[in-house]
>>> print(open('entry_15.tsv').read())   # TSV, C-alpha atoms and all ligand atoms
chain	number	residue	atom	x	y	z
A	1	MET	CA	-9.31	0.59	-32.86
A	2	VAL	CA	-11.50	-0.91	-35.54
A	3	ALA	CA	-9.70	-3.19	-37.93
A	4	THR	CA	-10.42	-2.43	-41.54
A	5	ALA	CA	-10.43	-5.10	-44.14
A	6	HIS	CA	-10.31	-4.84	-47.88
A	7	VAL	CA	-13.24	-6.78	-49.25
A	8	GLY	CA	-13.50	-6.97	-53.00
A	9	SER	CA	-13.40	-3.41	-54.26
A	10	HIS	CA	-14.33	-1.61	-51.06
A	11	THR	CA	-12.93	-1.30	-47.59
A	12	ALA	CA	-15.13	-2.38	-44.71
A	13	ALA	CA	-14.65	-2.82	-41.00
A	14	ILE	CA	-14.87	-6.47	-40.16
A	15	ARG	CA	-14.73	-7.55	-36.58
A	16	PRO	CA	-13.54	-11.04	-35.69
A	17	PRO	CA	-16.61	-13.28	-35.45
A	18	LEU	CA	-15.56	-14.84	-32.13
A	19	LYS	CA	-14.38	-13.52	-28.80
A	20	TRP	CA	-10.95	-15.07	-28.45
A	21	VAL	CA	-8.66	-15.13	-25.46
A	22	GLY	CA	-5.31	-13.75	-26.58
A	23	GLY	CA	-6.82	-11.92	-29.57
A	24	LYS	CA	-4.26	-9.59	-31.14
A	25	ARG	CA	-6.23	-6.79	-32.75
A	26	TRP	CA	-4.00	-4.30	-30.97
A	27	LEU	CA	-1.00	-5.72	-32.82
A	28	VAL	CA	-2.40	-5.06	-36.31
A	29	PRO	CA	-0.94	-1.51	-36.63
A	30	HIS	CA	2.49	-2.89	-35.69
A	31	LEU	CA	2.30	-5.64	-38.33
A	32	GLN	CA	0.85	-3.52	-41.15
A	33	PRO	CA	4.15	-1.79	-42.09
A	34	LEU	CA	5.94	-5.16	-42.18
A	35	TRP	CA	3.17	-6.76	-44.24
A	36	ALA	CA	2.99	-3.84	-46.72
A	37	ARG	CA	6.03	-4.99	-48.73
A	38	PHE	CA	4.71	-8.55	-48.98
A	39	ARG	CA	1.02	-8.06	-49.45
A	40	ASP	CA	0.96	-9.93	-52.72
A	41	ARG	CA	2.09	-13.02	-50.82
A	42	ARG	CA	0.02	-15.68	-49.09
A	43	LEU	CA	-0.46	-15.01	-45.38
A	44	VAL	CA	-0.07	-18.14	-43.26
A	45	GLU	CA	-1.16	-18.23	-39.65
A	46	PRO	CA	-0.34	-21.63	-38.15
A	47	LEU	CA	-2.20	-20.72	-34.90
A	48	CYS	CA	-4.88	-18.34	-36.18
A	49	GLY	CA	-7.23	-18.33	-33.14
A	50	GLY	CA	-9.84	-15.57	-33.44
A	51	LEU	CA	-8.56	-14.27	-36.83
A	52	ALA	CA	-7.83	-10.73	-35.60
A	53	ILE	CA	-4.63	-10.55	-37.63
A	54	ALA	CA	-5.96	-12.02	-40.86
A	55	LEU	CA	-9.00	-9.70	-40.75
A	56	GLY	CA	-6.74	-6.77	-39.87
A	57	LEU	CA	-4.19	-7.37	-42.66
A	58	SER	CA	-6.80	-8.52	-45.16
A	59	PRO	CA	-4.62	-10.57	-47.51
A	60	ASP	CA	-5.95	-11.75	-50.86
A	61	ARG	CA	-4.73	-15.27	-50.15
A	62	ALA	CA	-4.34	-16.93	-46.76
A	63	LEU	CA	-3.89	-20.30	-45.11
A	64	LEU	CA	-5.33	-20.17	-41.60
A	65	ASN	CA	-4.87	-23.06	-39.24
A	66	ASP	CA	-5.75	-23.81	-35.65
A	67	ILE	CA	-5.77	-26.94	-33.55
A	68	ASN	CA	-9.25	-26.04	-32.31
A	69	PRO	CA	-11.62	-27.76	-34.77
A	70	HIS	CA	-14.70	-25.78	-33.71
A	71	THR	CA	-13.28	-22.41	-34.72
A	72	ILE	CA	-12.21	-23.81	-38.07
A	73	ASN	CA	-15.60	-25.43	-38.63
A	74	LEU	CA	-17.23	-22.06	-37.99
A	75	TYR	CA	-14.86	-20.23	-40.38
A	76	ARG	CA	-15.44	-22.79	-43.12
A	77	ARG	CA	-19.18	-22.48	-42.68
A	78	LEU	CA	-18.97	-18.67	-42.73
A	79	LYS	CA	-17.03	-18.97	-45.96
A	80	SER	CA	-19.83	-20.98	-47.49
A	81	GLY	CA	-22.57	-18.64	-46.26
A	82	LEU	CA	-23.63	-19.64	-42.72
A	83	GLN	CA	-26.98	-18.33	-41.49
A	84	LEU	CA	-28.31	-18.55	-37.95
A	85	THR	CA	-31.41	-20.67	-37.83
A	86	ILE	CA	-31.20	-21.65	-34.15
A	87	PRO	CA	-32.84	-19.32	-31.59
A	88	VAL	CA	-30.32	-16.88	-30.10
A	89	ARG	CA	-31.14	-14.95	-26.96
A	90	TYR	CA	-29.15	-13.90	-23.94
A	91	GLU	CA	-30.83	-16.26	-21.54
A	92	SER	CA	-29.30	-18.86	-19.28
A	93	GLU	CA	-31.88	-21.58	-19.88
A	94	LEU	CA	-31.35	-21.38	-23.64
A	95	TYR	CA	-27.59	-21.28	-23.15
A	96	TYR	CA	-27.52	-24.56	-21.22
A	97	ARG	CA	-29.89	-26.19	-23.71
A	98	HIS	CA	-27.63	-25.18	-26.60
A	99	ARG	CA	-24.57	-26.29	-24.67
A	100	GLN	CA	-26.09	-29.72	-24.10
A	101	ARG	CA	-26.96	-30.03	-27.78
A	102	PHE	CA	-23.44	-28.99	-28.80
A	103	ASN	CA	-22.02	-31.68	-26.52
A	104	GLN	CA	-24.39	-34.26	-28.02
A	105	LEU	CA	-23.04	-33.38	-31.46
A	106	ILE	CA	-19.45	-33.74	-30.23
A	107	ALA	CA	-20.25	-37.15	-28.70
A	108	ALA	CA	-21.93	-38.27	-31.93
A	109	ASP	CA	-18.93	-37.13	-34.01
A	110	GLU	CA	-21.08	-34.48	-35.70
A	111	ALA	CA	-19.14	-31.45	-34.52
A	112	ARG	CA	-18.30	-30.45	-38.09
A	113	SER	CA	-21.90	-29.77	-39.00
A	114	ASP	CA	-23.66	-26.53	-39.82
A	115	GLU	CA	-25.67	-26.84	-36.59
A	116	ALA	CA	-22.47	-27.25	-34.53
A	117	ALA	CA	-21.03	-24.09	-36.13
A	118	GLN	CA	-24.14	-22.09	-35.21
A	119	LEU	CA	-24.11	-23.44	-31.67
A	120	PHE	CA	-20.41	-22.71	-31.29
A	121	TYR	CA	-20.94	-19.11	-32.40
A	122	TYR	CA	-23.79	-18.70	-29.90
A	123	LEU	CA	-21.91	-20.38	-27.03
A	124	ASN	CA	-18.80	-18.29	-27.67
A	125	ARG	CA	-20.80	-15.04	-27.59
A	126	THR	CA	-22.88	-16.02	-24.57
A	127	GLY	CA	-20.50	-18.07	-22.42
A	128	TYR	CA	-18.26	-16.80	-19.70
A	129	ASN	CA	-15.58	-14.40	-21.03
A	130	GLY	CA	-15.45	-16.00	-24.47
A	131	LEU	CA	-13.60	-18.96	-22.98
A	132	CYS	CA	-13.31	-22.17	-24.94
A	133	ARG	CA	-12.81	-24.97	-22.45
A	134	PHE	CA	-13.49	-28.69	-22.48
A	135	ASN	CA	-13.46	-31.26	-19.69
A	136	SER	CA	-11.44	-34.47	-19.79
A	137	LYS	CA	-14.24	-36.19	-21.72
A	138	GLY	CA	-14.03	-33.52	-24.43
A	139	GLN	CA	-17.31	-31.86	-23.37
A	140	TYR	CA	-17.63	-28.08	-23.60
A	141	ASN	CA	-18.09	-26.87	-20.03
A	142	VAL	CA	-17.98	-23.06	-20.07
A	143	PRO	CA	-20.67	-21.54	-17.80
A	144	PHE	CA	-23.19	-18.86	-18.81
A	145	GLY	CA	-21.55	-15.42	-19.09
A	146	ARG	CA	-22.50	-12.19	-17.37
A	147	TYR	CA	-22.97	-9.28	-19.74
A	148	LYS	CA	-25.18	-6.20	-19.93
A	149	THR	CA	-26.34	-7.09	-23.42
A	150	ILE	CA	-25.09	-9.26	-26.22
A	151	ASN	CA	-25.33	-8.43	-29.90
A	152	TYR	CA	-25.64	-11.50	-32.05
A	153	ALA	CA	-24.73	-11.02	-35.70
A	154	THR	CA	-27.64	-11.33	-38.07
A	155	ASP	CA	-25.68	-10.87	-41.28
A	156	PHE	CA	-22.59	-12.97	-41.83
A	157	SER	CA	-22.21	-12.05	-45.50
A	158	PRO	CA	-19.11	-9.84	-44.97
A	159	TYR	CA	-17.25	-12.95	-43.77
A	160	ARG	CA	-18.30	-14.86	-46.84
A	161	ALA	CA	-16.72	-12.20	-49.04
A	162	ALA	CA	-13.59	-11.77	-46.90
A	163	PHE	CA	-12.94	-15.53	-46.62
A	164	SER	CA	-13.60	-16.36	-50.25
A	165	ARG	CA	-9.91	-16.80	-51.14
A	166	TRP	CA	-8.77	-18.03	-47.76
A	167	GLU	CA	-8.14	-21.65	-46.93
A	168	PHE	CA	-8.80	-23.05	-43.47
A	169	SER	CA	-7.26	-26.12	-41.90
A	170	THR	CA	-7.26	-27.74	-38.51
A	171	GLY	CA	-4.41	-29.65	-36.90
A	172	SER	CA	-1.10	-28.94	-35.26
A	173	PHE	CA	1.01	-26.16	-36.80
A	174	ASP	CA	3.77	-28.52	-37.85
A	175	ALA	CA	1.48	-30.48	-40.18
A	176	LEU	CA	1.17	-27.43	-42.45
A	177	VAL	CA	2.91	-27.44	-45.81
A	178	LEU	CA	4.38	-24.01	-46.47
A	179	GLU	CA	5.35	-22.44	-49.79
A	180	PRO	CA	8.80	-20.74	-49.69
A	181	ARG	CA	7.38	-17.26	-50.34
A	182	ASP	CA	4.67	-17.45	-47.64
A	183	PHE	CA	4.45	-14.62	-45.12
A	184	VAL	CA	4.14	-16.50	-41.83
A	185	TYR	CA	2.83	-14.99	-38.61
A	186	ALA	CA	2.74	-17.25	-35.56
A	187	ASP	CA	0.96	-16.37	-32.34
A	188	PRO	CA	1.13	-19.30	-29.91
A	189	PRO	CA	-0.41	-19.38	-26.43
A	190	TYR	CA	1.77	-17.25	-24.16
A	191	ASP	CA	4.86	-18.74	-22.66
A	192	VAL	CA	4.32	-19.01	-18.94
A	193	GLU	CA	7.66	-18.59	-17.29
A	194	PHE	CA	8.99	-21.39	-15.07
A	195	THR	CA	6.31	-23.76	-16.32
A	196	GLN	CA	6.96	-26.82	-18.42
A	197	TYR	CA	3.28	-27.65	-18.95
A	198	THR	CA	0.42	-25.18	-19.33
A	199	LYS	CA	-3.32	-25.52	-19.00
A	200	GLU	CA	-3.66	-24.70	-22.69
A	201	GLY	CA	-1.57	-27.79	-23.37
A	202	PHE	CA	1.13	-25.70	-25.06
A	203	GLY	CA	4.21	-26.17	-22.89
A	204	TRP	CA	7.85	-25.22	-23.22
A	205	ASP	CA	8.62	-28.17	-25.51
A	206	ASP	CA	5.93	-26.89	-27.90
A	207	GLN	CA	7.40	-23.38	-27.81
A	208	VAL	CA	10.79	-24.81	-28.80
A	209	ARG	CA	9.24	-27.05	-31.47
A	210	LEU	CA	7.43	-24.04	-32.95
A	211	ALA	CA	10.60	-21.90	-32.99
A	212	LYS	CA	12.57	-24.65	-34.74
A	213	TRP	CA	9.76	-25.16	-37.25
A	214	LEU	CA	9.56	-21.41	-37.97
A	215	VAL	CA	13.30	-20.98	-38.49
A	216	ARG	CA	13.26	-23.53	-41.32
A	217	HIS	CA	10.98	-21.25	-43.35
A	218	PRO	CA	12.94	-19.25	-45.98
A	219	GLY	CA	10.28	-16.52	-46.35
A	220	PRO	CA	9.26	-13.65	-44.06
A	221	THR	CA	8.48	-15.01	-40.60
A	222	LEU	CA	7.02	-13.27	-37.53
A	223	LEU	CA	6.33	-14.49	-34.02
A	224	SER	CA	4.64	-12.77	-31.12
A	225	ASN	CA	4.72	-14.00	-27.55
A	226	GLN	CA	5.07	-12.89	-23.99
A	227	ALA	CA	8.60	-11.47	-23.58
A	228	THR	CA	9.85	-14.03	-21.10
A	229	PRO	CA	13.66	-14.25	-20.91
A	230	ARG	CA	13.68	-17.78	-22.30
A	231	ILE	CA	11.51	-16.84	-25.33
A	232	VAL	CA	13.78	-13.88	-26.07
A	233	GLU	CA	16.84	-16.12	-25.76
A	234	LEU	CA	15.34	-18.86	-27.94
A	235	TYR	CA	14.49	-16.52	-30.84
A	236	THR	CA	17.68	-14.47	-30.50
A	237	GLU	CA	19.77	-17.63	-30.76
A	238	LEU	CA	17.87	-18.67	-33.86
A	239	GLY	CA	18.78	-15.36	-35.54
A	240	PHE	CA	15.46	-13.51	-35.25
A	241	THR	CA	15.38	-9.74	-34.77
A	242	ILE	CA	13.73	-8.84	-31.47
A	243	GLN	CA	11.40	-5.92	-30.85
A	244	TYR	CA	9.52	-5.22	-27.60
A	245	LEU	CA	5.98	-3.90	-27.40
A	246	ASP	CA	3.65	-3.06	-24.52
A	247	ALA	CA	0.47	-5.11	-24.64
A	248	PRO	CA	-2.51	-2.85	-23.91
A	249	ARG	CA	-3.90	-4.93	-21.04
A	250	ARG	CA	-2.95	-7.44	-18.50
A	251	ILE	CA	-4.09	-8.31	-15.08
A	252	SER	CA	-1.43	-10.53	-13.62
A	253	CYS	CA	-2.12	-13.14	-10.95
A	254	THR	CA	-0.94	-10.66	-8.36
A	255	GLY	CA	-3.60	-8.20	-9.51
A	256	ASP	CA	-1.31	-5.43	-10.74
A	257	ARG	CA	-2.27	-3.75	-13.98
A	258	ARG	CA	1.05	-2.96	-15.58
A	259	PRO	CA	1.16	-3.65	-19.31
A	260	ALA	CA	2.64	-7.00	-20.19
A	261	ARG	CA	5.75	-6.93	-22.33
A	262	GLU	CA	5.27	-8.57	-25.64
A	263	VAL	CA	8.01	-9.68	-28.01
A	264	LEU	CA	7.79	-9.47	-31.78
A	265	ALA	CA	10.51	-11.64	-33.34
A	266	THR	CA	11.07	-11.30	-37.09
A	267	ARG	CA	13.18	-12.98	-39.78
A	268	ASN	CA	13.60	-12.33	-43.51
A	269	VAL	CA	11.49	-9.17	-43.44
B	1	LIG	C1	-2.89	-16.68	-28.70
B	1	LIG	S1	-4.03	-17.64	-29.63
B	1	LIG	C2	-3.98	-16.89	-31.23
B	1	LIG	C3	-4.76	-15.62	-31.24
B	1	LIG	C4	-4.89	-14.96	-32.60
B	1	LIG	N1	-3.64	-14.44	-33.07
B	1	LIG	C5	-5.92	-13.83	-32.55
B	1	LIG	O1	-5.57	-12.66	-32.72
B	1	LIG	O2	-7.10	-14.12	-32.31
B	1	LIG	C6	-3.19	-19.16	-29.82
B	1	LIG	C7	-3.94	-20.22	-30.63
B	1	LIG	O3	-3.08	-21.37	-30.77
B	1	LIG	C8	-3.92	-22.51	-30.93
B	1	LIG	N2	-3.07	-23.70	-30.75
B	1	LIG	C9	-2.60	-24.25	-29.59
B	1	LIG	N3	-1.78	-25.28	-29.86
B	1	LIG	C10	-1.71	-25.39	-31.21
B	1	LIG	C11	-1.01	-26.26	-32.11
B	1	LIG	N4	-0.21	-27.24	-31.65
B	1	LIG	N5	-1.17	-26.08	-33.43
B	1	LIG	C12	-1.99	-25.11	-33.92
B	1	LIG	N6	-2.68	-24.25	-33.11
B	1	LIG	C13	-2.53	-24.39	-31.78
B	1	LIG	C14	-5.00	-22.29	-29.89
B	1	LIG	O4	-6.17	-23.03	-30.20
B	1	LIG	C15	-5.21	-20.76	-29.99
B	1	LIG	O5	-6.29	-20.45	-30.83
>>> encode(input="entry_15.tsv", output="structure tokens", more="lines below")
Ligand SMILES: C[S@@+](CC[C@H](N)C(=O)[O-])C[C@H]1O[C@@H](n2cnc3c(N)ncnc32)[C@H](O)[C@@H]1O
Amino acid sequence: MVATAHVGSHTAAIRPPLKWVGGKRWLVPHLQPLWARFRDRRLVEPLCGGLAIALGLSPDRALLNDINPHTINLYRRLKSGLQLTIPVRYESELYYRHRQRFNQLIAADEARSDEAAQLFYYLNRTGYNGLCRFNSKGQYNVPFGRYKTINYATDFSPYRAAFSRWEFSTGSFDALVLEPRDFVYADPPYDVEFTQYTKEGFGWDDQVRLAKWLVRHPGPTLLSNQATPRIVELYTELGFTIQYLDAPRRISCTGDRRPAREVLATRNV
């Protein structure tokens, strides 16, 4: 499925600029009918990740937030017309050189620069599985990825047009200031059953905090997550309507390939 986005007066296919673990392009057709009635509203994604939903729904106005400052730096730079001036090739020596330079910028508190955005784009495309992982010192430590070929974008201008009326922010979801009419779609890291703390740093307490933050919003509110019993119970108790969907992939730790069950919880739609 190729997401289509309405850009200015014409419709164009715009792929998310990053590879993002947990990307939800497959969910776009399920959200489109819900969004249709509200499409004059501002779309707010408190945990926007790889932007699959925003690019799929193509709102005129949006507030897109993520705790990961590197994604948001890249989106802001794309909005203002980023161009790649660093060398980009699928080559391990270049990858590790760029990774080292990116880490220098982080250490020097220059991770919000144009150069850091270019490097982040390159590292995301070229690194292992599109992972975004940092060690305890905050250094990016994803190894070189194995691919047949990699296509690096040469023209970022479609993003400039698509993002022109979108606002980007970085921080935790609960620092966002919502307007009552906002259409809010939240897609947190998956709940991992029986676990209080997760490697993504988004544990059960955060899931509960997010649910309680979402239920305070008087406008249309959507949440997707893994359909664990405790997530279903949490959102049911808060008065959300629950719908189940089959995610199109999933290799569990035991290696079976059954589709994961996803929950779509909605309120005021
Ligand atoms: C499942 S991903 C979202 C994927 C996105 N819907 C897409 O289609 O690409 C979850 C995102 O939550 C972000 N995140 C984790 N904790 C957060 C927090 N406290 N506040 C805001 N974002 C957070 C992560 O950086 C990650 O990008």
>>> closest_atom_pairs(input="entry_15.tsv", of="chain A", to="ligand LIG 1 (chain B)", cutoff="6 Å", atoms="all atoms listed in the file", output="Markdown table")
| residue | atom | partner | partner_atom | distance |
| --- | --- | --- | --- | --- |
| A:Trp20 | CA | B:LIG1 | O2 | 5.5 |
| A:Gly22 | CA | B:LIG1 | C1 | 4.4 |
| A:Gly23 | CA | B:LIG1 | O1 | 3.5 |
| A:Lys24 | CA | B:LIG1 | O1 | 3.7 |
| A:Arg25 | CA | B:LIG1 | O1 | 5.9 |
| A:Pro46 | CA | B:LIG1 | C12 | 5.7 |
| A:Leu47 | CA | B:LIG1 | N6 | 4.0 |
| A:Cys48 | CA | B:LIG1 | C4 | 4.9 |
| A:Gly49 | CA | B:LIG1 | O5 | 3.3 |
| A:Gly50 | CA | B:LIG1 | O2 | 3.3 |
| A:Leu51 | CA | B:LIG1 | O2 | 4.8 |
| A:Ala52 | CA | B:LIG1 | O1 | 4.1 |
| A:Ile53 | CA | B:LIG1 | O1 | 5.4 |
| A:Asp66 | CA | B:LIG1 | N6 | 4.0 |
| A:Ile67 | CA | B:LIG1 | N6 | 4.1 |
| A:Asn68 | CA | B:LIG1 | O4 | 4.8 |
| A:Gly171 | CA | B:LIG1 | N5 | 5.9 |
| A:Ser172 | CA | B:LIG1 | N5 | 3.4 |
| A:Phe173 | CA | B:LIG1 | N5 | 4.0 |
| A:Asp187 | CA | B:LIG1 | N1 | 5.0 |
| A:Pro188 | CA | B:LIG1 | C6 | 4.3 |
| A:Pro189 | CA | B:LIG1 | C1 | 4.3 |
| A:Phe202 | CA | B:LIG1 | N3 | 5.6 |
>>> closest_atom_pairs(input="entry_15.tsv", of="range 67-92 of chain A", to="range 147-158 of chain A", cutoff="7 Å", atoms="all atoms listed in the file", output="CSV")
residue,atom,partner,partner_atom,distance
A:Leu78,CA,A:Phe156,CA,6.8
A:Gly81,CA,A:Ser157,CA,6.6
A:Leu82,CA,A:Phe156,CA,6.8
A:Gln83,CA,A:Phe156,CA,6.9
A:Tyr90,CA,A:Ile150,CA,6.6
>>> residues_around(input="entry_15.tsv", residues="Ser80 in chain A", least_positions_apart="2", cutoff="12 Å", atoms="all atoms listed in the file", output="VMD selection string")
chain A and resid 73 to 78 82 to 83 114 117 156 to 168
>>> residues_near_point(input="entry_15.tsv", point="(9.6, -26.2, -26.7)", cutoff="12 Å", atoms="only C-alpha atoms", output="PyMOL selection string")
chain A and resi 188+191-192+195-198+201-213+230-231+234-235
>>> residues_near_point(input="entry_15.tsv", point="(3.7, -10.4, -56.0)", cutoff="12 Å", atoms="only C-alpha atoms", output="PDB file with C-alpha atoms, in the coordinates of the input")
ATOM      1  CA  ALA A  36       2.990  -3.840 -46.720  1.00  0.00           C
ATOM      2  CA  ARG A  37       6.030  -4.990 -48.730  1.00  0.00           C
ATOM      3  CA  PHE A  38       4.710  -8.550 -48.980  1.00  0.00           C
ATOM      4  CA  ARG A  39       1.020  -8.060 -49.450  1.00  0.00           C
ATOM      5  CA  ASP A  40       0.960  -9.930 -52.720  1.00  0.00           C
ATOM      6  CA  ARG A  41       2.090 -13.020 -50.820  1.00  0.00           C
ATOM      7  CA  ARG A  42       0.020 -15.680 -49.090  1.00  0.00           C
ATOM      8  CA  PRO A  59      -4.620 -10.570 -47.510  1.00  0.00           C
ATOM      9  CA  ASP A  60      -5.950 -11.750 -50.860  1.00  0.00           C
ATOM     10  CA  ARG A  61      -4.730 -15.270 -50.150  1.00  0.00           C
ATOM     11  CA  ARG A 181       7.380 -17.260 -50.340  1.00  0.00           C
ATOM     12  CA  ASP A 182       4.670 -17.450 -47.640  1.00  0.00           C
ATOM     13  CA  PHE A 183       4.450 -14.620 -45.120  1.00  0.00           C
TER      14      PHE A 183
END
>>> atom_distance(input="entry_15.tsv", atom1="CA of Val263 in chain A", atom2="CA of Thr71 in chain A")
25.7 Å
>>> atom_distance(input="entry_15.tsv", atom1="CA of Leu119 in chain A", atom2="CA of Gly138 in chain A")
16.0 Å
>>> atom_distance(input="entry_15.tsv", atom1="CA of Leu55 in chain A", atom2="CA of Phe134 in chain A")
26.7 Å
>>> closest_residue(input="entry_15.tsv", among="A:Thr85, A:Glu115, A:Leu27, A:Ala107", to="Lys137 in chain A", atoms="only C-alpha atoms")
A:Ala107
